[in-house]
>>> print(open('run20.cif').read())   # mmCIF, C-alpha atoms and all ligand atoms
data_final
loop_
_atom_site.label_atom_id
_atom_site.label_comp_id
_atom_site.auth_asym_id
_atom_site.auth_seq_id
_atom_site.Cartn_x
_atom_site.Cartn_y
_atom_site.Cartn_z
CA MET A 49 142.51 3.11 56.53
CA LEU A 50 143.96 0.59 54.14
CA LYS A 51 143.93 3.24 51.45
CA LEU A 52 146.04 5.57 53.60
CA ILE A 53 148.66 2.94 54.26
CA LEU A 54 148.94 2.08 50.59
CA CYS A 55 149.47 5.71 49.74
CA LEU A 56 152.32 6.43 52.10
CA PRO A 57 155.12 5.67 49.64
CA LEU A 58 153.41 7.83 47.01
CA LEU A 59 153.00 10.68 49.46
CA ALA A 60 156.63 10.46 50.39
CA LEU A 61 157.64 10.73 46.76
CA ALA A 62 155.27 13.59 46.14
CA CYS A 63 155.96 15.59 49.28
CA SER A 64 158.22 18.04 47.50
CA LYS A 65 155.24 18.97 45.32
CA GLN A 66 153.12 19.82 48.37
CA GLN A 67 150.14 17.79 47.24
CA PRO A 68 147.01 18.10 49.39
CA PRO A 69 145.99 15.12 51.49
CA HIS A 70 144.83 12.08 49.59
CA SER A 71 141.15 11.53 48.85
CA ASN A 72 138.97 10.72 51.82
CA PHE A 73 136.02 9.64 49.69
CA ASP A 74 135.16 6.12 50.75
CA GLU A 75 132.05 5.42 48.68
CA ALA A 76 131.61 3.66 45.36
CA PRO A 77 134.13 4.76 42.73
CA LEU A 78 132.44 6.16 39.64
CA ILE A 79 133.44 4.81 36.23
CA VAL A 80 132.18 6.92 33.34
CA ILE A 81 132.54 5.57 29.81
CA GLY A 82 131.63 7.94 27.02
CA VAL A 83 130.75 6.07 23.84
CA ASP A 84 130.40 8.40 20.89
CA GLY A 85 127.25 8.03 18.82
CA MET A 86 125.92 4.86 20.46
CA THR A 87 122.23 4.72 19.59
CA LEU A 88 119.40 2.70 21.08
CA PRO A 89 117.86 1.61 17.73
CA VAL A 90 121.08 -0.34 17.10
CA LEU A 91 121.78 -1.33 20.70
CA GLU A 92 118.34 -2.66 21.65
CA PRO A 93 118.17 -5.47 19.08
CA LEU A 94 121.72 -6.48 20.08
CA ILE A 95 120.63 -6.64 23.73
CA ARG A 96 117.68 -8.85 22.76
CA ALA A 97 119.94 -11.11 20.71
CA GLY A 98 122.36 -11.52 23.63
CA LYS A 99 125.20 -9.99 21.63
CA VAL A 100 126.18 -7.25 24.10
CA PRO A 101 126.11 -9.17 27.39
CA HIS A 102 128.02 -6.65 29.51
CA LEU A 103 125.92 -3.65 28.59
CA ALA A 104 122.78 -5.77 28.92
CA SER A 105 123.80 -6.89 32.40
CA LEU A 106 124.51 -3.31 33.53
CA ILE A 107 121.04 -2.27 32.32
CA GLU A 108 119.41 -5.25 33.97
CA LYS A 109 121.06 -4.50 37.31
CA GLY A 110 120.42 -0.76 37.01
CA VAL A 111 118.71 1.37 34.42
CA GLY A 112 118.91 2.04 30.68
CA GLY A 113 117.31 4.84 28.69
CA LYS A 114 117.89 7.82 26.44
CA LEU A 115 120.05 10.85 27.05
CA PHE A 116 118.77 13.91 25.18
CA THR A 117 121.29 16.06 23.40
CA ASP A 118 121.68 19.48 21.78
CA VAL A 119 122.53 20.77 18.33
CA PRO A 120 124.87 21.22 16.58
CA THR A 121 126.17 17.80 17.52
CA TYR A 122 129.90 18.41 17.10
CA SER A 123 131.71 15.97 19.37
CA PRO A 124 134.11 18.44 21.04
CA ARG A 125 131.17 20.72 21.81
CA LEU A 126 128.94 18.02 23.32
CA TRP A 127 131.62 16.13 25.23
CA THR A 128 132.82 19.40 26.75
CA SER A 129 129.22 20.21 27.78
CA ILE A 130 128.99 16.74 29.32
CA ALA A 131 132.21 17.36 31.26
CA THR A 132 131.29 20.88 32.39
CA GLY A 133 127.48 20.94 32.65
CA VAL A 134 127.19 24.15 30.64
CA LEU A 135 126.20 25.28 27.13
CA ALA A 136 128.91 25.65 24.48
CA GLU A 137 128.56 29.44 24.60
CA GLU A 138 129.71 29.26 28.19
CA HIS A 139 132.41 26.60 27.99
CA GLY A 140 134.13 28.07 24.96
CA VAL A 141 134.53 24.95 22.76
CA PRO A 142 131.78 25.41 20.15
CA ASN A 143 133.27 23.32 17.32
CA PHE A 144 136.23 21.19 16.24
CA SER A 145 138.28 24.27 15.48
CA GLU A 146 137.97 28.03 15.54
CA GLU A 147 134.97 29.35 13.65
CA ASP A 148 133.71 32.57 12.10
CA GLU A 149 130.70 34.51 13.38
CA GLN A 150 128.31 32.33 11.40
CA GLY A 151 129.66 29.25 13.13
CA ASN A 152 131.62 27.88 10.14
CA MET A 153 135.06 26.47 10.80
CA LEU A 154 137.76 28.83 9.59
CA ARG A 155 140.05 27.41 6.96
CA ASP A 156 143.12 28.47 8.91
CA GLY A 157 141.47 28.03 12.30
CA LEU A 158 143.20 25.97 14.97
CA PRO A 159 141.61 22.99 16.73
CA PHE A 160 140.35 23.86 20.21
CA THR A 161 142.50 22.63 23.09
CA SER A 162 141.87 22.22 26.81
CA ASN A 163 143.31 25.65 27.65
CA CYS A 164 140.48 27.25 25.58
CA ARG A 165 137.88 25.95 28.02
CA LYS A 166 136.48 28.79 30.09
CA VAL A 167 135.02 26.73 32.95
CA PRO A 168 136.35 23.81 34.99
CA ALA A 169 135.60 20.26 33.85
CA VAL A 170 134.52 17.57 36.33
CA TRP A 171 138.13 16.37 36.57
CA ASN A 172 139.25 19.84 37.73
CA ILE A 173 136.36 20.13 40.20
CA ALA A 174 136.72 16.62 41.57
CA ALA A 175 140.49 16.93 41.98
CA ASP A 176 140.17 20.33 43.66
CA ASN A 177 137.79 18.74 46.15
CA ARG A 178 139.91 15.78 47.21
CA ARG A 179 138.62 13.19 44.81
CA ASP A 180 141.21 11.17 42.89
CA VAL A 181 140.68 11.21 39.14
CA ASP A 182 141.86 9.11 36.20
CA SER A 183 140.79 10.34 32.78
CA VAL A 184 141.68 8.81 29.42
CA ALA A 185 141.12 10.30 25.97
CA TRP A 186 138.27 12.66 26.76
CA TRP A 187 137.64 15.14 23.94
CA VAL A 188 139.61 18.39 24.09
CA SER A 189 141.65 17.25 27.07
CA TRP A 190 145.01 18.05 25.44
CA PRO A 191 147.23 19.50 26.83
CA ALA A 192 146.75 17.29 29.88
CA GLU A 193 145.81 19.62 32.72
CA GLU A 194 147.66 19.60 36.00
CA ILE A 195 145.28 18.31 38.66
CA ASP A 196 145.93 17.31 42.27
CA ASN A 197 146.39 13.57 42.70
CA GLY A 198 145.01 13.00 39.23
CA ARG A 199 146.18 11.15 36.16
CA ILE A 200 145.21 12.32 32.69
CA VAL A 201 145.98 10.77 29.33
CA ALA A 202 144.90 13.54 27.02
CA SER A 203 143.28 13.48 23.65
CA TYR A 204 144.18 16.10 21.07
CA ALA A 205 141.19 15.27 18.92
CA ALA A 206 139.67 11.86 19.67
CA GLN A 207 138.47 10.25 16.43
CA VAL A 208 140.83 12.13 14.20
CA GLN A 209 143.82 11.77 16.44
CA ALA A 210 144.79 8.31 15.27
CA ALA A 211 147.09 9.91 12.71
CA ILE A 212 148.45 12.18 15.39
CA LEU A 213 148.69 9.71 18.24
CA TRP A 214 151.32 7.63 16.51
CA LYS A 215 153.28 10.53 15.06
CA PRO A 216 155.19 10.76 18.34
CA LEU A 217 156.72 7.40 17.55
CA LEU A 218 158.51 9.15 14.73
CA TRP A 219 159.75 11.86 17.06
CA ASP A 220 162.28 11.53 19.78
CA GLU A 221 160.48 13.80 22.15
CA GLY A 222 156.92 12.44 21.61
CA ILE A 223 153.79 14.54 21.71
CA PRO A 224 154.29 17.03 24.54
CA LEU A 225 151.95 17.23 27.53
CA LEU A 226 150.04 14.10 26.52
CA THR A 227 149.91 12.95 30.12
CA TYR A 228 149.69 14.38 33.59
CA PRO A 229 151.83 13.74 35.48
CA ASN A 230 154.54 13.83 32.84
CA SER A 231 156.05 10.61 34.16
CA LEU A 232 152.86 8.75 33.21
CA GLN A 233 154.08 8.95 29.61
CA ASN A 234 156.72 6.32 30.45
CA ASP A 235 153.99 3.95 31.62
CA ILE A 236 151.96 4.22 28.41
CA ASN A 237 154.74 4.24 25.82
CA ALA A 238 154.69 0.45 25.42
CA LEU A 239 150.92 0.45 24.83
CA LEU A 240 151.18 3.31 22.36
CA ASP A 241 153.84 1.34 20.54
CA GLU A 242 151.62 -1.75 20.48
CA GLY A 243 148.74 0.33 19.12
CA LYS A 244 150.57 1.78 16.17
CA PRO A 245 148.93 1.42 12.74
CA LYS A 246 150.88 -1.63 11.49
CA GLY A 247 151.32 -3.14 14.94
CA PRO A 248 149.80 -6.23 16.56
CA LEU A 249 146.31 -4.67 16.79
CA VAL A 250 145.93 -5.25 13.04
CA ARG A 251 145.29 -8.93 13.75
CA GLU A 252 142.77 -8.08 16.43
CA TYR A 253 140.93 -5.79 14.03
CA ASN A 254 140.94 -8.26 11.14
CA LYS A 255 139.66 -11.02 13.36
CA ARG A 256 136.52 -9.05 14.17
CA PHE A 257 135.96 -6.98 11.04
CA GLY A 258 137.93 -8.68 8.27
CA ALA A 259 139.94 -6.89 5.61
CA ILE A 260 138.55 -5.00 2.61
CA SER A 261 140.02 -5.25 -0.86
CA PRO A 262 141.58 -1.99 -2.19
CA GLU A 263 139.46 -2.57 -5.31
CA TRP A 264 136.43 -1.49 -3.30
CA LYS A 265 137.71 2.04 -3.31
CA VAL A 266 135.12 3.84 -1.14
CA PRO A 267 134.77 1.28 1.65
CA PHE A 268 138.53 0.63 1.53
CA GLN A 269 139.24 4.31 2.20
CA ARG A 270 136.67 4.33 5.03
CA ASP A 271 138.22 1.17 6.45
CA ILE A 272 141.62 2.84 6.79
CA LEU A 273 140.12 5.60 8.95
CA PHE A 274 137.91 3.15 10.86
CA ARG A 275 140.99 1.08 11.68
CA GLY A 276 142.63 4.21 13.05
CA THR A 277 139.74 4.69 15.45
CA PHE A 278 139.88 1.03 16.47
CA HIS A 279 143.60 1.31 17.25
CA ALA A 280 143.06 4.54 19.21
CA ASP A 281 140.11 3.17 21.21
CA ARG A 282 141.74 -0.14 22.01
CA THR A 283 144.94 1.59 23.05
CA HIS A 284 143.03 3.98 25.32
CA GLN A 285 141.01 1.13 26.77
CA LYS A 286 144.22 -0.77 27.58
CA ILE A 287 145.76 2.34 29.13
CA PHE A 288 142.61 2.79 31.21
CA ASN A 289 142.75 -0.80 32.44
CA ASN A 290 146.42 -0.41 33.28
CA LEU A 291 145.59 2.63 35.38
CA GLN A 292 142.90 0.60 37.14
CA ASN A 293 145.43 -2.12 37.86
CA THR A 294 148.11 0.02 39.44
CA GLY A 295 146.66 -0.42 42.91
CA ARG A 296 145.60 3.21 43.21
CA SER A 297 141.91 3.54 43.79
CA ALA A 298 140.67 6.56 41.83
CA ASP A 299 137.24 7.88 42.83
CA LEU A 300 136.36 9.10 39.33
CA ARG A 301 137.55 7.22 36.24
CA MET A 302 136.67 8.45 32.77
CA LEU A 303 137.23 6.82 29.39
CA TYR A 304 136.15 7.92 25.92
CA LEU A 305 135.56 5.50 23.00
CA GLY A 306 134.69 6.63 19.47
CA LEU A 307 134.15 3.44 17.45
CA PRO A 308 130.31 3.28 17.20
CA ASP A 309 130.16 6.86 15.88
CA VAL A 310 132.74 6.29 13.18
CA ALA A 311 131.16 2.93 12.24
CA GLY A 312 127.79 4.68 11.95
CA HIS A 313 129.15 7.47 9.76
CA PHE A 314 130.90 5.13 7.34
CA PHE A 315 128.89 1.94 7.13
CA TRP A 316 125.21 2.79 7.45
CA ARG A 317 124.54 2.39 3.70
CA TYR A 318 125.80 -1.19 3.89
CA ARG A 319 123.82 -1.99 7.04
CA GLU A 320 120.52 -0.60 5.79
CA PRO A 321 120.75 -0.26 1.97
CA GLU A 322 116.97 0.08 1.63
CA ALA A 323 117.14 3.47 3.36
CA PHE A 324 119.22 4.90 0.50
CA GLN A 325 118.02 6.24 -2.83
CA TYR A 326 120.98 4.83 -4.73
CA PRO A 327 121.98 1.21 -5.22
CA VAL A 328 124.41 -0.26 -2.70
CA PRO A 329 126.25 -3.29 -4.14
CA THR A 330 124.96 -6.46 -2.49
CA GLU A 331 128.42 -8.00 -2.17
CA MET A 332 129.44 -4.95 -0.14
CA SER A 333 126.43 -4.96 2.17
CA ASP A 334 126.96 -8.72 2.64
CA LYS A 335 130.57 -8.21 3.66
CA ILE A 336 130.47 -4.96 5.67
CA GLY A 337 126.78 -4.59 6.53
CA GLY A 338 127.56 -5.98 9.99
CA HIS A 339 130.32 -3.46 10.82
CA ILE A 340 128.13 -1.19 12.98
CA ASP A 341 126.77 -4.11 15.05
CA LYS A 342 130.27 -5.52 15.35
CA ALA A 343 131.56 -2.15 16.58
CA TYR A 344 128.93 -2.23 19.35
CA MET A 345 129.88 -5.81 20.22
CA GLN A 346 133.53 -4.79 20.30
CA VAL A 347 132.81 -1.90 22.65
CA ASP A 348 130.75 -4.27 24.82
CA GLU A 349 133.72 -6.62 25.06
CA TRP A 350 136.06 -3.75 25.99
CA ILE A 351 133.60 -2.57 28.63
CA GLY A 352 133.48 -6.13 29.94
CA GLU A 353 137.25 -5.96 30.48
CA VAL A 354 136.89 -2.62 32.24
CA ILE A 355 134.24 -4.16 34.54
CA ALA A 356 136.50 -7.14 35.25
CA ASN A 357 139.33 -4.78 36.26
CA ALA A 358 137.10 -2.50 38.35
CA PRO A 359 136.54 -2.67 42.11
CA GLU A 360 133.51 -4.75 43.02
CA ASN A 361 131.61 -1.77 44.42
CA ALA A 362 132.14 0.43 41.35
CA ARG A 363 129.29 2.41 39.89
CA PHE A 364 129.07 2.55 36.09
CA LEU A 365 127.73 5.35 33.97
CA ILE A 366 127.77 4.69 30.23
CA ILE A 367 126.61 7.55 28.03
CA SER A 368 126.66 8.65 24.43
CA ASP A 369 126.62 12.25 23.25
CA HIS A 370 123.89 11.60 20.66
CA GLY A 371 122.26 8.81 18.70
CA MET A 372 122.46 8.44 14.93
CA GLY A 373 120.82 7.04 11.79
CA PRO A 374 121.03 6.93 7.98
CA ALA A 375 122.02 10.20 6.28
CA ASN A 376 122.87 11.72 2.91
CA VAL A 377 120.52 9.14 1.38
CA THR A 378 120.67 10.77 -2.07
CA LYS A 379 124.45 11.34 -2.12
CA PRO A 380 126.41 8.19 -2.94
CA SER A 381 129.69 10.12 -2.99
CA HIS A 382 129.31 11.57 0.50
CA PRO A 383 131.83 9.99 2.90
CA GLN A 384 129.15 9.76 5.59
CA SER A 385 126.08 7.57 5.12
CA GLY A 386 125.15 7.82 8.78
CA ALA A 387 124.92 11.01 10.83
CA HIS A 388 123.31 12.83 13.73
CA GLU A 389 122.71 16.42 12.55
CA GLU A 390 119.21 16.61 14.03
CA GLY A 391 120.46 15.48 17.41
CA PRO A 392 118.73 12.15 18.07
CA PRO A 393 119.06 11.13 21.72
CA GLY A 394 122.01 9.08 22.87
CA ILE A 395 122.05 6.23 25.38
CA PHE A 396 122.21 6.32 29.17
CA ILE A 397 123.14 3.33 31.33
CA LEU A 398 123.68 3.46 35.09
CA ALA A 399 124.42 0.57 37.44
CA GLY A 400 126.00 -0.09 40.81
CA PRO A 401 125.42 0.47 44.52
CA GLY A 402 122.43 2.68 45.30
CA VAL A 403 121.03 2.66 41.77
CA LYS A 404 117.31 1.89 41.61
CA GLN A 405 116.83 -1.27 39.57
CA GLN A 406 114.55 -0.47 36.64
CA GLY A 407 116.09 -2.23 33.65
CA LEU A 408 115.55 -0.83 30.17
CA LEU A 409 112.85 1.81 30.55
CA GLY A 410 109.65 1.13 28.64
CA ALA A 411 109.08 2.72 25.23
CA GLY A 412 107.75 6.25 25.70
CA LYS A 413 109.38 6.52 29.14
CA ARG A 414 112.98 6.34 28.09
CA LYS A 415 114.05 9.96 28.47
CA VAL A 416 116.37 9.94 31.47
CA GLY A 417 117.74 13.48 31.16
CA TYR A 418 119.95 15.82 29.14
CA ILE A 419 123.66 15.87 28.46
CA TYR A 420 123.85 18.94 30.73
CA ASP A 421 122.66 16.81 33.67
CA ILE A 422 125.69 14.52 33.54
CA ALA A 423 128.27 16.82 35.19
CA PRO A 424 126.07 17.74 38.19
CA PHE A 425 125.06 14.07 38.50
CA MET A 426 128.67 12.89 38.44
CA LEU A 427 129.49 15.41 41.16
CA ASP A 428 126.48 14.25 43.19
CA LEU A 429 127.65 10.62 42.96
CA LEU A 430 131.01 11.81 44.31
CA SER A 431 129.23 13.63 47.19
CA LEU A 432 130.18 17.01 45.72
CA ALA A 433 127.90 19.99 45.23
CA PRO A 434 126.60 20.83 41.75
CA GLY A 435 127.92 23.95 40.00
CA SER A 436 125.46 26.75 40.77
CA TYR A 437 125.89 27.94 37.16
CA MET A 438 125.36 24.54 35.52
CA GLU A 439 122.60 24.15 32.95
CA GLY A 440 121.42 20.72 34.07
CA LYS A 441 120.36 19.06 37.28
CA THR A 442 121.52 15.94 39.05
CA LEU A 443 119.71 12.72 38.10
CA ARG A 444 119.53 11.49 41.70
CA TYR A 445 115.93 10.41 41.13
CA LEU A 446 117.51 7.30 39.58
CA MET A 447 118.94 6.33 42.99
CA THR A 448 117.21 4.31 45.70
CA ASP A 449 115.24 6.00 48.50
CA GLU A 450 117.89 4.80 50.92
CA TRP A 451 120.72 6.39 48.95
CA ILE A 452 118.75 9.64 48.63
CA ALA A 453 118.04 9.66 52.38
CA ASN A 454 121.73 9.18 53.13
CA HIS A 455 122.83 11.87 50.68
CA PRO A 456 120.99 15.12 51.33
CA PRO A 457 121.25 17.46 48.31
CA LEU A 458 124.09 19.99 48.52
CA ALA A 459 123.73 23.68 47.69
CA GLY A 460 125.31 24.80 44.39
CA VAL A 461 128.86 26.14 44.36
CA ASP A 462 130.43 28.48 41.80
CA TYR A 463 133.45 26.43 40.77
CA ARG A 464 134.33 29.01 38.11
CA GLU A 465 135.76 31.31 40.75
CA GLY A 466 139.52 31.17 40.65
CA PHE A 467 139.63 28.95 37.54
CA ARG A 468 142.44 29.91 35.16
CA GLU A 469 141.82 32.22 32.22
CA ALA A 470 141.01 30.66 28.84
CA THR A 471 143.70 31.15 26.20
CA ALA A 472 144.04 30.63 22.41
CA PRO A 473 144.39 27.09 20.97
CA LEU A 474 147.80 25.45 21.28
CA VAL A 475 149.47 23.30 18.61
CA PRO A 476 151.12 20.13 19.92
CA GLY A 477 153.73 19.98 17.17
CA GLU A 478 154.53 21.53 13.85
CA GLY A 479 152.05 20.52 11.15
CA LEU A 480 149.76 18.62 13.51
CA ASP A 481 146.95 21.15 13.15
CA GLU A 482 147.07 20.48 9.40
CA VAL A 483 146.99 16.70 9.98
CA PHE A 484 143.96 17.30 12.18
CA ILE A 485 142.03 19.39 9.62
CA ASP A 486 143.02 17.01 6.83
CA ASN A 487 141.66 14.06 8.80
CA LEU A 488 138.46 15.90 9.60
CA ASN A 489 138.07 16.40 5.86
CA GLN A 490 138.53 12.73 5.11
CA LEU A 491 136.10 11.79 7.85
CA GLY A 492 133.51 14.01 6.17
CA TYR A 493 133.25 16.52 9.03
CA VAL A 494 134.39 19.51 7.02
CA ASP A 495 131.89 20.32 4.31
CA ASP A 496 133.80 21.26 1.19
CA GLU A 497 130.89 23.25 -0.22
ZN ZN B 1 129.66 11.67 14.68
#
>>> encode(input="run20.cif", output="structure tokens")
Amino acid sequence: MLKLILCLPLLALACSKQQPPHSNFDEAPLIVIGVDGMTLPVLEPLIRAGKVPHLASLIEKGVGGKLFTDVPTYSPRLWTSIATGVLAEEHGVPNFSEEDEQGNMLRDGLPFTSNCRKVPAVWNIAADNRRDVDSVAWWVSWPAEEIDNGRIVASYAAQVQAAILWKPLLWDEGIPLLTYPNSLQNDINALLDEGKPKGPLVREYNKRFGAISPEWKVPFQRDILFRGTFHADRTHQKIFNNLQNTGRSADLRMLYLGLPDVAGHFFWRYREPEAFQYPVPTEMSDKIGGHIDKAYMQVDEWIGEVIANAPENARFLIISDHGMGPANVTKPSHPQSGAHEEGPPGIFILAGPGVKQQGLLGAGKRKVGYIYDIAPFMLDLLSLAPGSYMEGKTLRYLMTDEWIANHPPLAGVDYREGFREATAPLVPGEGLDEVFIDNLNQLGYVDDE
């Protein structure tokens, strides 16, 4: 009832747009935080050492385990599968950008954008079924899709968008269609400005990670790109918290963070030099060997702030798209010394009302499910039917007997019916597709061979 009263002014403003009635979902809001590349072999020792207290507490109150993935492990591909519940062949986002028949990215191919997706994502489904949605920086969410009663801050290309995200500051008109509704752009402009590369976040970064001398050419170059990810993540996390604080109670809230993946790609040789068949200078491993752990601790702190800003009855689902480990151990010149080509499992953490308390699952019993299970499970937690066409199944076995008894399983629905047609990739602004490909190159995603 309270919710309805609070919404009256909003409804009055929106009445010309003929929005459907506000959400009538009155159960625990679901907060989903996607953390790229977070891996249990790094996380578990940090939990034991008390260095990631917020993640540890979520696991202790609920459950922690491994989420199995699929190959190839391209982020746009996996995160779109997570958001849709279907294989890449069916969702239409197989790679970072358009590819040839062998699955190699085309040199003049365009990055995939949200309009290329052939099936609805959970934010479309939830919004179409009277659930309020906030989504920030999910992969391939640009252009921000129009959804009923929803708010989207889109991501053109997650990790590599740092260079793009702050380009708008140079333009009068900004990056188009970054937010839905359009007016949301006004609310985030100040945070985007704060997040810009030479802005106040530099101090925040240096405080945690320190600065690297330009004389250390390779790590210095990596540090520039890593900083970009830090600025993007922190900015998105602040935007997400601002959305949480606006008094509107969204039923589904999604946030994507990329820092652990980028840390893993760039700094594994310094963290674990003994895994590499070439010498890693000791002064470098002394100085930056802790970057991966620090990235996890940073994400833990950000998640702590999200928890502090969340309603008390919120349910939390923290997932990664894959794990990772040392890579290219014979190639000192390769930009990436950590990777995930073989698809090691990611992490899965669930906590909140109705979640069976199991803690961190015992070794050998840690497989919770697959990335394809996440979309049907998210829908289940929002009391919505799974997609009849979805690859995975809901993970309701992780809920208490009482919750299961009160939530009889719903028959699958074909949400694809009536969904818009997929269209060719869009370019947000002149030259931005080149910035994107160029950044992918520097990040070591595009193999030059
Ligand atoms: Zn990666």
>>> closest_atom_pairs(input="run20.cif", of="region 88-129 of chain A", to="region 369-385 of chain A", cutoff="12 Å", atoms="all atoms listed in the file", output="CSV")
residue,atom,partner,partner_atom,distance
A:Leu88,CA,A:Gly371,CA,7.2
A:Pro89,CA,A:Gly371,CA,8.5
A:Val90,CA,A:Gly373,CA,9.1
A:Leu91,CA,A:Gly371,CA,10.3
A:Gly113,CA,A:Gly371,CA,11.8
A:Lys114,CA,A:Gly371,CA,8.9
A:Leu115,CA,A:His370,CA,7.5
A:Phe116,CA,A:His370,CA,7.2
A:Thr117,CA,A:His370,CA,5.8
A:Asp118,CA,A:His370,CA,8.3
A:Val119,CA,A:His370,CA,9.6
A:Pro120,CA,A:His370,CA,10.5
A:Thr121,CA,A:His370,CA,7.3
A:Tyr122,CA,A:Asp369,CA,9.3
A:Ser123,CA,A:Asp369,CA,7.4
A:Pro124,CA,A:Asp369,CA,10.0
A:Arg125,CA,A:Asp369,CA,9.7
A:Leu126,CA,A:Asp369,CA,6.2
A:Trp127,CA,A:Asp369,CA,6.6
A:Thr128,CA,A:Asp369,CA,10.1
A:Ser129,CA,A:Asp369,CA,9.5
>>> closest_residue(input="run20.cif", among="A:Leu458, A:Ala169, A:Ile367, A:Ile287", to="Leu239 (chain A)", atoms="all atoms listed in the file")
A:Ile287
>>> closest_residue(input="run20.cif", among="A:Glu75, A:Asp462, A:Glu92, A:Glu482", to="Pro168 (chain A)", atoms="all atoms listed in the file")
A:Asp462
>>> residues_around(input="run20.cif", residues="Glu147 (chain A)", least_positions_apart="5", cutoff="10 Å", atoms="all atoms listed in the file", output="mmCIF file with C-alpha atoms, keeping the file's coordinate frame")
data_model
loop_
_atom_site.group_PDB
_atom_site.id
_atom_site.type_symbol
_atom_site.label_atom_id
_atom_site.label_comp_id
_atom_site.auth_asym_id
_atom_site.auth_seq_id
_atom_site.Cartn_x
_atom_site.Cartn_y
_atom_site.Cartn_z
ATOM 1 C CA PRO A 142 131.780 25.410 20.150
ATOM 2 C CA ASN A 152 131.620 27.880 10.140
ATOM 3 C CA MET A 153 135.060 26.470 10.800
ATOM 4 C CA LEU A 154 137.760 28.830 9.590
ATOM 5 C CA ARG A 155 140.050 27.410 6.960
ATOM 6 C CA ASP A 156 143.120 28.470 8.910
ATOM 7 C CA GLY A 157 141.470 28.030 12.300
ATOM 8 C CA LEU A 158 143.200 25.970 14.970
ATOM 9 C CA PRO A 159 141.610 22.990 16.730
#
>>> atom_distance(input="run20.cif", atom1="CA of Pro224 (chain A)", atom2="CA of Lys166 (chain A)")
22.1 Å
>>> closest_residue(input="run20.cif", among="A:Ile79, A:Ala259, A:Leu488, A:Val347", to="Leu429 (chain A)", atoms="all atoms listed in the file")
A:Ile79
>>> residues_near_point(input="run20.cif", point="(120.1, 18.2, 36.9)", cutoff="8 Å", atoms="only C-alpha atoms", output="PDB file with C-alpha atoms, in the coordinates of the input")
ATOM      1  CA  GLY A 417     117.740  13.480  31.160  1.00  0.00           C
ATOM      2  CA  TYR A 420     123.850  18.940  30.730  1.00  0.00           C
ATOM      3  CA  ASP A 421     122.660  16.810  33.670  1.00  0.00           C
ATOM      4  CA  ILE A 422     125.690  14.520  33.540  1.00  0.00           C
ATOM      5  CA  PRO A 424     126.070  17.740  38.190  1.00  0.00           C
ATOM      6  CA  PHE A 425     125.060  14.070  38.500  1.00  0.00           C
ATOM      7  CA  GLU A 439     122.600  24.150  32.950  1.00  0.00           C
ATOM      8  CA  GLY A 440     121.420  20.720  34.070  1.00  0.00           C
ATOM      9  CA  LYS A 441     120.360  19.060  37.280  1.00  0.00           C
ATOM     10  CA  THR A 442     121.520  15.940  39.050  1.00  0.00           C
ATOM     11  CA  LEU A 443     119.710  12.720  38.100  1.00  0.00           C
TER      12      LEU A 443
END
>>> atom_distance(input="run20.cif", atom1="CA of Arg363 (chain A)", atom2="CA of Arg301 (chain A)")
10.2 Å
>>> residues_around(input="run20.cif", residues="Ala459 (chain A)", least_positions_apart="5", cutoff="8 Å", atoms="only C-alpha atoms", output="list in words")
Ala433, Pro434 and Ser436 of chain A
>>> residues_near_ligand(input="run20.cif", ligand="ligand ZN 1 (chain B)", cutoff="7 Å", atoms="all atoms listed in the file", output="list in words")
Gly85, Ser123, Asp309, Val310, His313, Ala387 and His388 of chain A
>>> closest_residue(input="run20.cif", among="A:Arg256, A:His284, A:His102, A:Lys413", to="Met302 (chain A)", atoms="all atoms listed in the file")
A:His284
>>> closest_residue(input="run20.cif", among="A:Pro329, A:Gly352, A:Pro229, A:Pro267", to="Val100 (chain A)", atoms="all atoms listed in the file")
A:Gly352
>>> atom_distance(input="run20.cif", atom1="CA of Ile452 (chain A)", atom2="CA of Leu300 (chain A)")
19.9 Å
>>> closest_residue(input="run20.cif", among="A:Pro473, A:Pro262, A:Gly435, A:Gly312", to="Arg165 (chain A)", atoms="only C-alpha atoms")
A:Pro473
>>> residues_around(input="run20.cif", residues="Val188 (chain A)", least_positions_apart="6", cutoff="8 Å", atoms="all atoms listed in the file", output="PyMOL selection string")
chain A and resi 124+128+160-162+202-206
